[in-house]
Amino acid sequence: MPEAIERLNQELAEARELLHRKRHHEQVLARTEQQVASAEAALRLAEERAAVEQKDVDELERVSFKALWATILNSREERLDVERAEAAAAQIRVEQERARVRWLVQDRASLETAGAEFATAEERYRELLADKERAVLTLGLPAGGELEEIADQTADLRAERRELNEACNAGRQALERVNEIRRLLSSAGSASGWDLLGGGELVSQYKYDKLDSAGRAVAYAQHALDAFSRELTDVGVEQRHRAPAIPNNWLTDVLFDNILTDAVRNGQIRDATHQFSAIRDSVQSTIRYLRERDAEAERRLVHLQTRREALLVEN
């Protein structure tokens, strides 16, 4: 095989891989744009909900017919505490949605900056194809066509393996975040069970601490799930997960501390745990599927390289 052809084959493989990376980058950027739009919409809804909750607090705090009626019924202060707790919970959700928007916007900016690397990828690939075609025709090489096909398939498979591994890495990070929340919810659920049996103030405080930690972890988990979703798009898999909110209206629990309230909260914790478990199972299943595809791509690469070596020896 002439040295010029060998050099062109190598350059073409590198150029084709760069072209795959460019297309992968464009797909990830488009998916990120969609996630930014979705997150901004969720933030607007959360802000509207928080405004409604705060309005209820304001109406009870100022002199109004609603406040007067609540006072007459001797429930104004209790009702005000509940409304304040609901407003605080709504505001926490707003902050979580804001964090998600902020992180996604940062992701988008990073992707836009990184795109400069691929500005000339398509032009370079077309130039090399033309050079290779002229060389093969000039030299009249019988194996030229098959070697070119092997080079193309090899570049495709290497690009596919890289994208599969990137998706697996993103999936493992998402899985770690989800499992962290599951562990916190499991601890909170155990404490909630003791609460039903009259566990006392220390048990309740432990439960609230775990729920607080889980609530703070939700934004990080959602960010990791969003990143996983973007990587999956590039390997032809559509999967979107929305991390549920964590139930932790602790002020209401304190104000209305009874077995019914404890039972409701226990059920909410159980439901949230089941939801995160379902997300975990889905992510794990997808990672297994990605690994199977990667193993198959590796086997195909070995076969192509064996055939390439045979052609180079024969010619």
# chains A, B, ... in the order shown; residues from 1 in each chain; ligands from 1
$ residues_around --residues "Ala224 (chain A)" --least-positions-apart "5" --cutoff "8 Å" --atoms "only C-alpha atoms" --output "MDAnalysis selection string"
chainID A and resid 170:171 173:174 177
$ atom_distance --atom1 "CA of Ile181 (chain A)" --atom2 "CA of Ile246 (chain A)"
9.5 Å
$ closest_residue --among "A:Lys55, A:Arg23, A:Arg98, A:Arg126" --to "Glu86 (chain A)" --atoms "only C-alpha atoms"
A:Lys55
$ atom_distance --atom1 "CA of Glu123 (chain A)" --atom2 "CA of Arg230 (chain A)"
26.4 Å
$ atom_distance --atom1 "CA of Leu104 (chain A)" --atom2 "CA of Ala227 (chain A)"
9.0 Å
$ closest_residue --among "A:Glu180, A:Asp294, A:Glu148, A:Asp281" --to "Arg161 (chain A)" --atoms "only C-alpha atoms"
A:Asp294
$ select_by_dssp --residues "region 147-248 of chain A" --states "helix (DSSP H, G or I)" --output "ChimeraX atom specification"
/A:147-196,201-234
$ residues_around --residues "Asp56 (chain A)" --least-positions-apart "3" --cutoff "9 Å" --atoms "only C-alpha atoms" --output "MDAnalysis selection string"
chainID A and resid 51:53 59:61 80 83:84 87
$ write_last_selection --atoms "N, CA, C and O atoms" --output "short mmCIF file (atom, residue, chain, number, x, y, z; two decimals), in the first residue's frame"
data_model
loop_
_atom_site.label_atom_id
_atom_site.label_comp_id
_atom_site.auth_asym_id
_atom_site.auth_seq_id
_atom_site.Cartn_x
_atom_site.Cartn_y
_atom_site.Cartn_z
N ALA A 51 -46.33 33.06 44.21
CA ALA A 51 -47.03 34.35 44.34
C ALA A 51 -48.43 34.15 44.91
O ALA A 51 -48.90 34.93 45.75
N VAL A 52 -49.11 33.09 44.49
CA VAL A 52 -50.44 32.78 45.01
C VAL A 52 -50.37 32.47 46.51
O VAL A 52 -51.19 32.97 47.30
N GLU A 53 -49.38 31.66 46.89
CA GLU A 53 -49.23 31.31 48.31
C GLU A 53 -48.91 32.54 49.15
O GLU A 53 -49.44 32.71 50.25
N GLU A 59 -52.96 38.37 52.71
CA GLU A 59 -54.37 38.65 53.01
C GLU A 59 -54.70 38.37 54.47
O GLU A 59 -55.52 39.07 55.08
N LEU A 60 -54.08 37.36 55.03
CA LEU A 60 -54.33 37.05 56.44
C LEU A 60 -53.58 38.01 57.36
O LEU A 60 -54.03 38.28 58.48
N GLU A 61 -52.45 38.51 56.93
CA GLU A 61 -51.66 39.40 57.78
C GLU A 61 -52.26 40.80 57.88
O GLU A 61 -52.17 41.44 58.93
N LEU A 80 -52.60 31.24 59.55
CA LEU A 80 -51.48 32.05 59.08
C LEU A 80 -50.19 31.24 59.08
O LEU A 80 -49.39 31.32 58.14
N GLU A 83 -50.31 28.91 56.13
CA GLU A 83 -50.11 29.61 54.86
C GLU A 83 -48.65 30.01 54.70
O GLU A 83 -48.09 29.95 53.59
N ARG A 84 -48.02 30.43 55.80
CA ARG A 84 -46.61 30.78 55.73
C ARG A 84 -45.75 29.57 55.37
O ARG A 84 -44.79 29.67 54.60
N ALA A 87 -46.22 28.88 51.74
CA ALA A 87 -45.50 29.88 50.95
C ALA A 87 -44.00 29.60 50.95
O ALA A 87 -43.32 29.74 49.93
#
$ closest_residue --among "A:Ala243, A:Ala37, A:Leu19, A:Leu45" --to "Gln91 (chain A)" --atoms "only C-alpha atoms"
A:Leu45
$ residues_around --residues "Ala90 (chain A)" --least-positions-apart "5" --cutoff "9 Å" --atoms "only C-alpha atoms" --output "list in words"
Ala46, Glu47, Arg49, Ala50, Ala51, Glu53, Gln54, Ala85 and Glu95 of chain A
$ write_last_selection --atoms "all heavy atoms" --output "compact mmCIF listing (two decimals), in the first residue's frame"
# COMPACT_ATOMS: atom_id res chain seq x y z
N ALA A 46 -43.60 27.80 38.89
CA ALA A 46 -43.27 27.80 40.31
C ALA A 46 -43.38 29.20 40.90
O ALA A 46 -43.85 29.37 42.03
CB ALA A 46 -41.85 27.25 40.52
N GLU A 47 -42.96 30.19 40.15
CA GLU A 47 -43.06 31.58 40.63
C GLU A 47 -44.52 32.01 40.76
O GLU A 47 -44.89 32.72 41.71
CB GLU A 47 -42.32 32.51 39.66
CG GLU A 47 -40.81 32.37 39.75
CD GLU A 47 -40.08 33.19 38.71
OE1 GLU A 47 -40.70 33.50 37.65
OE2 GLU A 47 -38.91 33.53 38.91
N ARG A 49 -47.03 30.00 41.37
CA ARG A 49 -47.55 29.29 42.54
C ARG A 49 -47.10 29.97 43.83
O ARG A 49 -47.88 30.13 44.77
CB ARG A 49 -47.05 27.84 42.52
CG ARG A 49 -47.45 27.02 43.73
CD ARG A 49 -48.95 26.87 43.84
NE ARG A 49 -49.34 26.07 44.99
CZ ARG A 49 -50.58 25.92 45.41
NH1 ARG A 49 -51.58 26.53 44.76
NH2 ARG A 49 -50.84 25.16 46.45
N ALA A 50 -45.83 30.37 43.88
CA ALA A 50 -45.31 31.04 45.07
C ALA A 50 -46.02 32.37 45.30
O ALA A 50 -46.29 32.75 46.44
CB ALA A 50 -43.80 31.26 44.94
N ALA A 51 -46.33 33.06 44.21
CA ALA A 51 -47.03 34.35 44.34
C ALA A 51 -48.43 34.15 44.91
O ALA A 51 -48.90 34.93 45.75
CB ALA A 51 -47.10 35.03 42.97
N GLU A 53 -49.38 31.66 46.89
CA GLU A 53 -49.23 31.31 48.31
C GLU A 53 -48.91 32.54 49.15
O GLU A 53 -49.44 32.71 50.25
CB GLU A 53 -48.12 30.25 48.47
CG GLU A 53 -48.39 28.93 47.79
CD GLU A 53 -49.55 28.17 48.42
OE1 GLU A 53 -50.04 28.58 49.50
OE2 GLU A 53 -49.99 27.16 47.83
N GLN A 54 -48.04 33.41 48.62
CA GLN A 54 -47.68 34.61 49.37
C GLN A 54 -48.87 35.55 49.48
O GLN A 54 -49.05 36.24 50.50
CB GLN A 54 -46.51 35.32 48.69
CG GLN A 54 -45.96 36.51 49.46
CD GLN A 54 -45.49 36.13 50.85
OE1 GLN A 54 -44.78 35.14 51.01
NE2 GLN A 54 -45.87 36.91 51.86
N ALA A 85 -46.09 28.44 55.95
CA ALA A 85 -45.34 27.22 55.65
C ALA A 85 -45.50 26.84 54.18
O ALA A 85 -44.54 26.44 53.52
CB ALA A 85 -45.82 26.08 56.54
N GLU A 95 -36.63 28.31 44.13
CA GLU A 95 -35.17 28.34 44.16
C GLU A 95 -34.57 27.12 43.46
O GLU A 95 -33.54 27.23 42.78
CB GLU A 95 -34.68 28.40 45.62
CG GLU A 95 -35.05 29.69 46.34
CD GLU A 95 -34.57 30.93 45.60
OE1 GLU A 95 -33.44 30.90 45.06
OE2 GLU A 95 -35.31 31.92 45.55
$ closest_residue --among "A:Arg291, A:Arg21, A:Glu6, A:Ala272" --to "Ala119 (chain A)" --atoms "only C-alpha atoms"
A:Arg21
$ closest_residue --among "A:Gln239, A:Arg79, A:Ala151, A:Trp103" --to "Arg307 (chain A)" --atoms "only C-alpha atoms"
A:Ala151
$ residues_around --residues "Ala15 (chain A)" --least-positions-apart "3" --cutoff "6 Å" --atoms "only C-alpha atoms" --output "PyMOL selection string"
chain A and resi 12+18+125
$ decode --residues "region 82-95 of chain A" --atoms "all heavy atoms" --output "PDB file, in the first residue's frame"
ATOM      1  N   VAL A  82     -49.913  28.013  58.779  1.00  0.00           N
ATOM      2  CA  VAL A  82     -50.004  27.049  57.685  1.00  0.00           C
ATOM      3  C   VAL A  82     -49.708  27.722  56.347  1.00  0.00           C
ATOM      4  O   VAL A  82     -48.957  27.204  55.512  1.00  0.00           O
ATOM      5  CB  VAL A  82     -51.392  26.384  57.668  1.00  0.00           C
ATOM      6  CG1 VAL A  82     -51.564  25.545  56.404  1.00  0.00           C
ATOM      7  CG2 VAL A  82     -51.596  25.527  58.901  1.00  0.00           C
ATOM      8  N   GLU A  83     -50.315  28.906  56.127  1.00  0.00           N
ATOM      9  CA  GLU A  83     -50.115  29.607  54.862  1.00  0.00           C
ATOM     10  C   GLU A  83     -48.645  30.008  54.697  1.00  0.00           C
ATOM     11  O   GLU A  83     -48.087  29.946  53.594  1.00  0.00           O
ATOM     12  CB  GLU A  83     -51.005  30.849  54.790  1.00  0.00           C
ATOM     13  CG  GLU A  83     -52.500  30.547  54.730  1.00  0.00           C
ATOM     14  CD  GLU A  83     -52.904  29.875  53.425  1.00  0.00           C
ATOM     15  OE1 GLU A  83     -52.080  29.787  52.503  1.00  0.00           O
ATOM     16  OE2 GLU A  83     -54.062  29.435  53.317  1.00  0.00           O
ATOM     17  N   ARG A  84     -48.025  30.426  55.799  1.00  0.00           N
ATOM     18  CA  ARG A  84     -46.612  30.784  55.730  1.00  0.00           C
ATOM     19  C   ARG A  84     -45.752  29.573  55.370  1.00  0.00           C
ATOM     20  O   ARG A  84     -44.793  29.673  54.605  1.00  0.00           O
ATOM     21  CB  ARG A  84     -46.153  31.372  57.059  1.00  0.00           C
ATOM     22  CG  ARG A  84     -46.618  32.815  57.281  1.00  0.00           C
ATOM     23  CD  ARG A  84     -46.313  33.270  58.686  1.00  0.00           C
ATOM     24  NE  ARG A  84     -46.667  34.674  58.884  1.00  0.00           N
ATOM     25  CZ  ARG A  84     -46.820  35.242  60.084  1.00  0.00           C
ATOM     26  NH1 ARG A  84     -46.681  34.502  61.186  1.00  0.00           N
ATOM     27  NH2 ARG A  84     -47.127  36.519  60.175  1.00  0.00           N
ATOM     28  N   ALA A  85     -46.093  28.438  55.954  1.00  0.00           N
ATOM     29  CA  ALA A  85     -45.344  27.216  55.648  1.00  0.00           C
ATOM     30  C   ALA A  85     -45.502  26.836  54.184  1.00  0.00           C
ATOM     31  O   ALA A  85     -44.541  26.436  53.517  1.00  0.00           O
ATOM     32  CB  ALA A  85     -45.824  26.079  56.542  1.00  0.00           C
ATOM     33  N   GLU A  86     -46.716  26.952  53.658  1.00  0.00           N
ATOM     34  CA  GLU A  86     -46.956  26.631  52.260  1.00  0.00           C
ATOM     35  C   GLU A  86     -46.241  27.610  51.337  1.00  0.00           C
ATOM     36  O   GLU A  86     -45.703  27.227  50.297  1.00  0.00           O
ATOM     37  CB  GLU A  86     -48.456  26.619  51.975  1.00  0.00           C
ATOM     38  CG  GLU A  86     -49.188  25.462  52.661  1.00  0.00           C
ATOM     39  CD  GLU A  86     -50.694  25.516  52.455  1.00  0.00           C
ATOM     40  OE1 GLU A  86     -51.178  26.552  51.950  1.00  0.00           O
ATOM     41  OE2 GLU A  86     -51.377  24.536  52.801  1.00  0.00           O
ATOM     42  N   ALA A  87     -46.216  28.883  51.737  1.00  0.00           N
ATOM     43  CA  ALA A  87     -45.498  29.883  50.947  1.00  0.00           C
ATOM     44  C   ALA A  87     -44.002  29.603  50.954  1.00  0.00           C
ATOM     45  O   ALA A  87     -43.316  29.737  49.932  1.00  0.00           O
ATOM     46  CB  ALA A  87     -45.775  31.288  51.496  1.00  0.00           C
ATOM     47  N   ALA A  88     -43.482  29.179  52.115  1.00  0.00           N
ATOM     48  CA  ALA A  88     -42.051  28.854  52.202  1.00  0.00           C
ATOM     49  C   ALA A  88     -41.720  27.655  51.330  1.00  0.00           C
ATOM     50  O   ALA A  88     -40.687  27.631  50.645  1.00  0.00           O
ATOM     51  CB  ALA A  88     -41.671  28.580  53.656  1.00  0.00           C
ATOM     52  N   ALA A  89     -42.576  26.646  51.357  1.00  0.00           N
ATOM     53  CA  ALA A  89     -42.348  25.464  50.523  1.00  0.00           C
ATOM     54  C   ALA A  89     -42.374  25.827  49.036  1.00  0.00           C
ATOM     55  O   ALA A  89     -41.571  25.328  48.245  1.00  0.00           O
ATOM     56  CB  ALA A  89     -43.400  24.400  50.829  1.00  0.00           C
ATOM     57  N   ALA A  90     -43.308  26.695  48.662  1.00  0.00           N
ATOM     58  CA  ALA A  90     -43.390  27.127  47.266  1.00  0.00           C
ATOM     59  C   ALA A  90     -42.145  27.908  46.864  1.00  0.00           C
ATOM     60  O   ALA A  90     -41.655  27.785  45.737  1.00  0.00           O
ATOM     61  CB  ALA A  90     -44.643  27.976  47.054  1.00  0.00           C
ATOM     62  N   GLN A  91     -41.628  28.707  47.791  1.00  0.00           N
ATOM     63  CA  GLN A  91     -40.427  29.479  47.486  1.00  0.00           C
ATOM     64  C   GLN A  91     -39.205  28.581  47.331  1.00  0.00           C
ATOM     65  O   GLN A  91     -38.335  28.835  46.491  1.00  0.00           O
ATOM     66  CB  GLN A  91     -40.170  30.506  48.605  1.00  0.00           C
ATOM     67  CG  GLN A  91     -39.060  31.496  48.280  1.00  0.00           C
ATOM     68  CD  GLN A  91     -39.340  32.297  47.017  1.00  0.00           C
ATOM     69  OE1 GLN A  91     -40.468  32.699  46.750  1.00  0.00           O
ATOM     70  NE2 GLN A  91     -38.308  32.523  46.210  1.00  0.00           N
ATOM     71  N   ILE A  92     -39.147  27.504  48.124  1.00  0.00           N
ATOM     72  CA  ILE A  92     -38.056  26.535  47.969  1.00  0.00           C
ATOM     73  C   ILE A  92     -38.086  25.930  46.574  1.00  0.00           C
ATOM     74  O   ILE A  92     -37.054  25.756  45.927  1.00  0.00           O
ATOM     75  CB  ILE A  92     -38.166  25.441  49.044  1.00  0.00           C
ATOM     76  CG1 ILE A  92     -37.808  26.010  50.427  1.00  0.00           C
ATOM     77  CG2 ILE A  92     -37.250  24.259  48.717  1.00  0.00           C
ATOM     78  CD1 ILE A  92     -38.051  25.046  51.565  1.00  0.00           C
ATOM     79  N   ARG A  93     -39.287  25.603  46.107  1.00  0.00           N
ATOM     80  CA  ARG A  93     -39.414  25.050  44.755  1.00  0.00           C
ATOM     81  C   ARG A  93     -38.941  26.054  43.714  1.00  0.00           C
ATOM     82  O   ARG A  93     -38.293  25.684  42.723  1.00  0.00           O
ATOM     83  CB  ARG A  93     -40.878  24.661  44.499  1.00  0.00           C
ATOM     84  CG  ARG A  93     -41.085  23.856  43.229  1.00  0.00           C
ATOM     85  CD  ARG A  93     -40.374  22.523  43.322  1.00  0.00           C
ATOM     86  NE  ARG A  93     -40.560  21.713  42.135  1.00  0.00           N
ATOM     87  CZ  ARG A  93     -40.008  20.526  41.950  1.00  0.00           C
ATOM     88  NH1 ARG A  93     -39.224  20.015  42.885  1.00  0.00           N
ATOM     89  NH2 ARG A  93     -40.213  19.850  40.842  1.00  0.00           N
ATOM     90  N   VAL A  94     -39.252  27.333  43.938  1.00  0.00           N
ATOM     91  CA  VAL A  94     -38.791  28.371  43.013  1.00  0.00           C
ATOM     92  C   VAL A  94     -37.270  28.382  42.956  1.00  0.00           C
ATOM     93  O   VAL A  94     -36.666  28.453  41.874  1.00  0.00           O
ATOM     94  CB  VAL A  94     -39.321  29.756  43.444  1.00  0.00           C
ATOM     95  CG1 VAL A  94     -38.610  30.875  42.668  1.00  0.00           C
ATOM     96  CG2 VAL A  94     -40.820  29.851  43.204  1.00  0.00           C
ATOM     97  N   GLU A  95     -36.633  28.313  44.127  1.00  0.00           N
ATOM     98  CA  GLU A  95     -35.171  28.342  44.165  1.00  0.00           C
ATOM     99  C   GLU A  95     -34.575  27.122  43.459  1.00  0.00           C
ATOM    100  O   GLU A  95     -33.539  27.231  42.783  1.00  0.00           O
ATOM    101  CB  GLU A  95     -34.684  28.396  45.616  1.00  0.00           C
ATOM    102  CG  GLU A  95     -35.052  29.690  46.336  1.00  0.00           C
ATOM    103  CD  GLU A  95     -34.565  30.933  45.603  1.00  0.00           C
ATOM    104  OE1 GLU A  95     -33.437  30.896  45.063  1.00  0.00           O
ATOM    105  OE2 GLU A  95     -35.309  31.921  45.547  1.00  0.00           O
TER     106      GLU A  95
END
